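Notes follow once the structure below has been shown.
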Amino acid sequence: MNESKRLRVLKLLTRWLEQEITGLNGYRHDLADSVFRGRLLFTENDPLPCLSILEALNPDRDPLRAGNNDNIASNKTSERWVLLLQGWSKDDIRNPTDSAYELMADVKKAVAKLFDDKTNDAGLEIDMGGGDLVRAFYLGGLVNGAEIEPGTVRPPEQNTEKAFFWMRVILKFTERVQDPYLYS
């Protein structure tokens, strides 16, 4: 049985960021094995730089009834799925946020590349392991588009000893209500 479409999208995004953001691909950071899903807290034992992908809380929105976005007989939801990307990087004492700005730039560039026609033309793939190769363009066609917000860089704060950034990535996402495991 397939994974749910949402989990598959998150796994594809995770793997893309890990394989794309490397020095060999022209980035300033290397995120191989350093992108995590669903982690809020990190310790000094975690690698730097690192990135966490979380789903945004949105308690103020009007609740949507599943399968009822556009039409009472609809069997799909069409939504803007808001993900939060938070990254930590090594910093220096004098200018602790400088590296966080550079890490955020690398992440923006890699996410934007997923939706660039050149990526489709080049046939770039995400290697999920075990022979599972997925076209990188639009995360294998599982999302319909994306918005990348500017992001915010912060110095070390109460819960972290390292500078970090937050950035929202909004995926345009359609899901079948009756079967969230279908990818079409």
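All residue names refer to the structure tokens as shown: chains lettered A, B, ... in order, residues numbered from 1 in each chain, ligands numbered from 1 in order.
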
I'd like the contact shell of stretch 152-156 of chain A - 7 Å cut-off, only C-alpha atoms, skipping same-chain residues fewer than 6 positions apart - returned as a ChimeraX atom specification. /A:96-97,100-101,162-167

Generate the output file for the selected residues, C-alpha atoms, as a compact mmCIF listing (two decimals), in the first residue's frame.
```txt
# COMPACT_ATOMS: atom_id res chain seq x y z
CA PRO A 96 25.78 34.98 14.65
CA THR A 97 23.02 35.31 12.05
CA ALA A 100 21.57 31.49 8.92
CA TYR A 101 20.93 33.98 6.10
CA LYS A 162 22.37 28.80 17.47
CA ALA A 163 21.03 31.38 15.06
CA PHE A 164 18.19 30.08 12.92
CA PHE A 165 15.69 30.97 10.23
CA TRP A 166 11.97 30.34 9.72
CA MET A 167 10.45 30.27 6.29
```

Residues of chain A in alpha helix (DSSP H), written as an MDAnalysis selection string: chainID A and resid 5:20 98:113 117:122 138:141

Assign secondary structure with DSSP using the backbone only, and return the residues of stretch 13-129 of chain A in strand (DSSP E or B) as a PyMOL selection string. chain A and resi 35-37+50-55+76-88+125-127

Please provide the set of residues having any atom within 6 Å of A:Cys50, restricted to only C-alpha atoms, with same-chain residues fewer than 5 positions apart removed, written as an mmCIF file with N, CA, C and O atoms, in the first residue's frame.
```cif
data_model
loop_
_atom_site.group_PDB
_atom_site.id
_atom_site.type_symbol
_atom_site.label_atom_id
_atom_site.label_comp_id
_atom_site.auth_asym_id
_atom_site.auth_seq_id
_atom_site.Cartn_x
_atom_site.Cartn_y
_atom_site.Cartn_z
ATOM 1 N N SER A 34 20.683 15.662 7.005
ATOM 2 C CA SER A 34 20.464 16.699 8.014
ATOM 3 C C SER A 34 19.131 17.410 7.860
ATOM 4 O O SER A 34 18.956 18.518 8.349
ATOM 5 N N VAL A 35 18.176 16.786 7.158
ATOM 6 C CA VAL A 35 16.831 17.354 7.018
ATOM 7 C C VAL A 35 15.880 16.412 7.741
ATOM 8 O O VAL A 35 15.881 15.206 7.506
ATOM 9 N N GLY A 87 15.748 26.269 9.928
ATOM 10 C CA GLY A 87 17.114 25.801 9.771
ATOM 11 C C GLY A 87 18.060 26.435 10.761
ATOM 12 O O GLY A 87 17.908 27.606 11.115
ATOM 13 N N TRP A 88 19.027 25.637 11.219
ATOM 14 C CA TRP A 88 20.067 26.096 12.132
ATOM 15 C C TRP A 88 21.408 25.897 11.460
ATOM 16 O O TRP A 88 21.609 24.914 10.757
#
```

Would you mind listing, for every residue of stretch 78-111 of chain A within 9 Å of stretch 169-181 of chain A, the two atoms forming the shortest contact and the distance between them in Å to one decimal, using only C-alpha atoms, sorted by chain and ascending residue number, as a Markdown table?
```
| residue | atom | partner | partner_atom | distance |
| --- | --- | --- | --- | --- |
| A:Ser78 | CA | A:Thr174 | CA | 4.4 |
| A:Glu79 | CA | A:Phe173 | CA | 5.4 |
| A:Arg80 | CA | A:Lys172 | CA | 4.8 |
| A:Trp81 | CA | A:Leu171 | CA | 5.0 |
| A:Val82 | CA | A:Ile170 | CA | 4.4 |
| A:Leu83 | CA | A:Val169 | CA | 5.2 |
| A:Leu84 | CA | A:Val169 | CA | 6.3 |
| A:Leu85 | CA | A:Val169 | CA | 7.2 |
| A:Val111 | CA | A:Val169 | CA | 8.5 |
```

Selected residues written out with N, CA and C atoms, as a PDB file, in the first residue's frame:
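Result went into selection_7.pdb, see below:
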```pdb
ATOM      1  N   SER A  78      -8.892  21.153  -2.246  1.00  0.00           N
ATOM      2  CA  SER A  78      -7.843  21.950  -2.870  1.00  0.00           C
ATOM      3  C   SER A  78      -7.451  22.988  -1.840  1.00  0.00           C
ATOM      4  N   GLU A  79      -6.195  23.019  -1.498  1.00  0.00           N
ATOM      5  CA  GLU A  79      -5.794  23.892  -0.402  1.00  0.00           C
ATOM      6  C   GLU A  79      -4.401  24.432  -0.607  1.00  0.00           C
ATOM      7  N   ARG A  80      -4.069  25.362   0.239  1.00  0.00           N
ATOM      8  CA  ARG A  80      -2.725  25.893   0.354  1.00  0.00           C
ATOM      9  C   ARG A  80      -2.149  25.272   1.626  1.00  0.00           C
ATOM     10  N   TRP A  81      -1.294  24.289   1.456  1.00  0.00           N
ATOM     11  CA  TRP A  81      -0.727  23.540   2.580  1.00  0.00           C
ATOM     12  C   TRP A  81       0.530  24.267   3.041  1.00  0.00           C
ATOM     13  N   VAL A  82       0.479  24.824   4.242  1.00  0.00           N
ATOM     14  CA  VAL A  82       1.563  25.659   4.738  1.00  0.00           C
ATOM     15  C   VAL A  82       2.547  24.809   5.540  1.00  0.00           C
ATOM     16  N   LEU A  83       3.779  24.789   5.064  1.00  0.00           N
ATOM     17  CA  LEU A  83       4.862  24.108   5.755  1.00  0.00           C
ATOM     18  C   LEU A  83       5.835  25.145   6.300  1.00  0.00           C
ATOM     19  N   LEU A  84       6.380  24.870   7.464  1.00  0.00           N
ATOM     20  CA  LEU A  84       7.389  25.729   8.067  1.00  0.00           C
ATOM     21  C   LEU A  84       8.736  25.037   7.948  1.00  0.00           C
ATOM     22  N   LEU A  85       9.690  25.721   7.369  1.00  0.00           N
ATOM     23  CA  LEU A  85      11.042  25.203   7.296  1.00  0.00           C
ATOM     24  C   LEU A  85      11.880  26.019   8.264  1.00  0.00           C
ATOM     25  N   VAL A 111      14.246  24.875  -3.095  1.00  0.00           N
ATOM     26  CA  VAL A 111      12.792  24.715  -3.203  1.00  0.00           C
ATOM     27  C   VAL A 111      12.300  25.309  -4.516  1.00  0.00           C
TER      28      VAL A 111
END
```

One decimal, in Å: what's the spacing between atom CA of A:Glu18 and atom CA of A:Asp33? 6.1 Å

What's around stretch 130-136 of chain A at 9 Å? Count only C-alpha atoms, leave out sequence neighbours fewer than 2 positions away in its own chain, and write the answer as a list in words.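 Within the cut-off, the hits are Leu12, Trp16, Lys113, Leu114, Phe115, Thr119, Asn120, Gly123, Leu124, Glu125, Ile126, Asp127, Met128, Tyr138, Leu139, Gly140 and Gly141 of chain A.
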
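Here atom CA of A:Lys11 stands at a distance of 29.0 Å from atom CA of A:Glu157.
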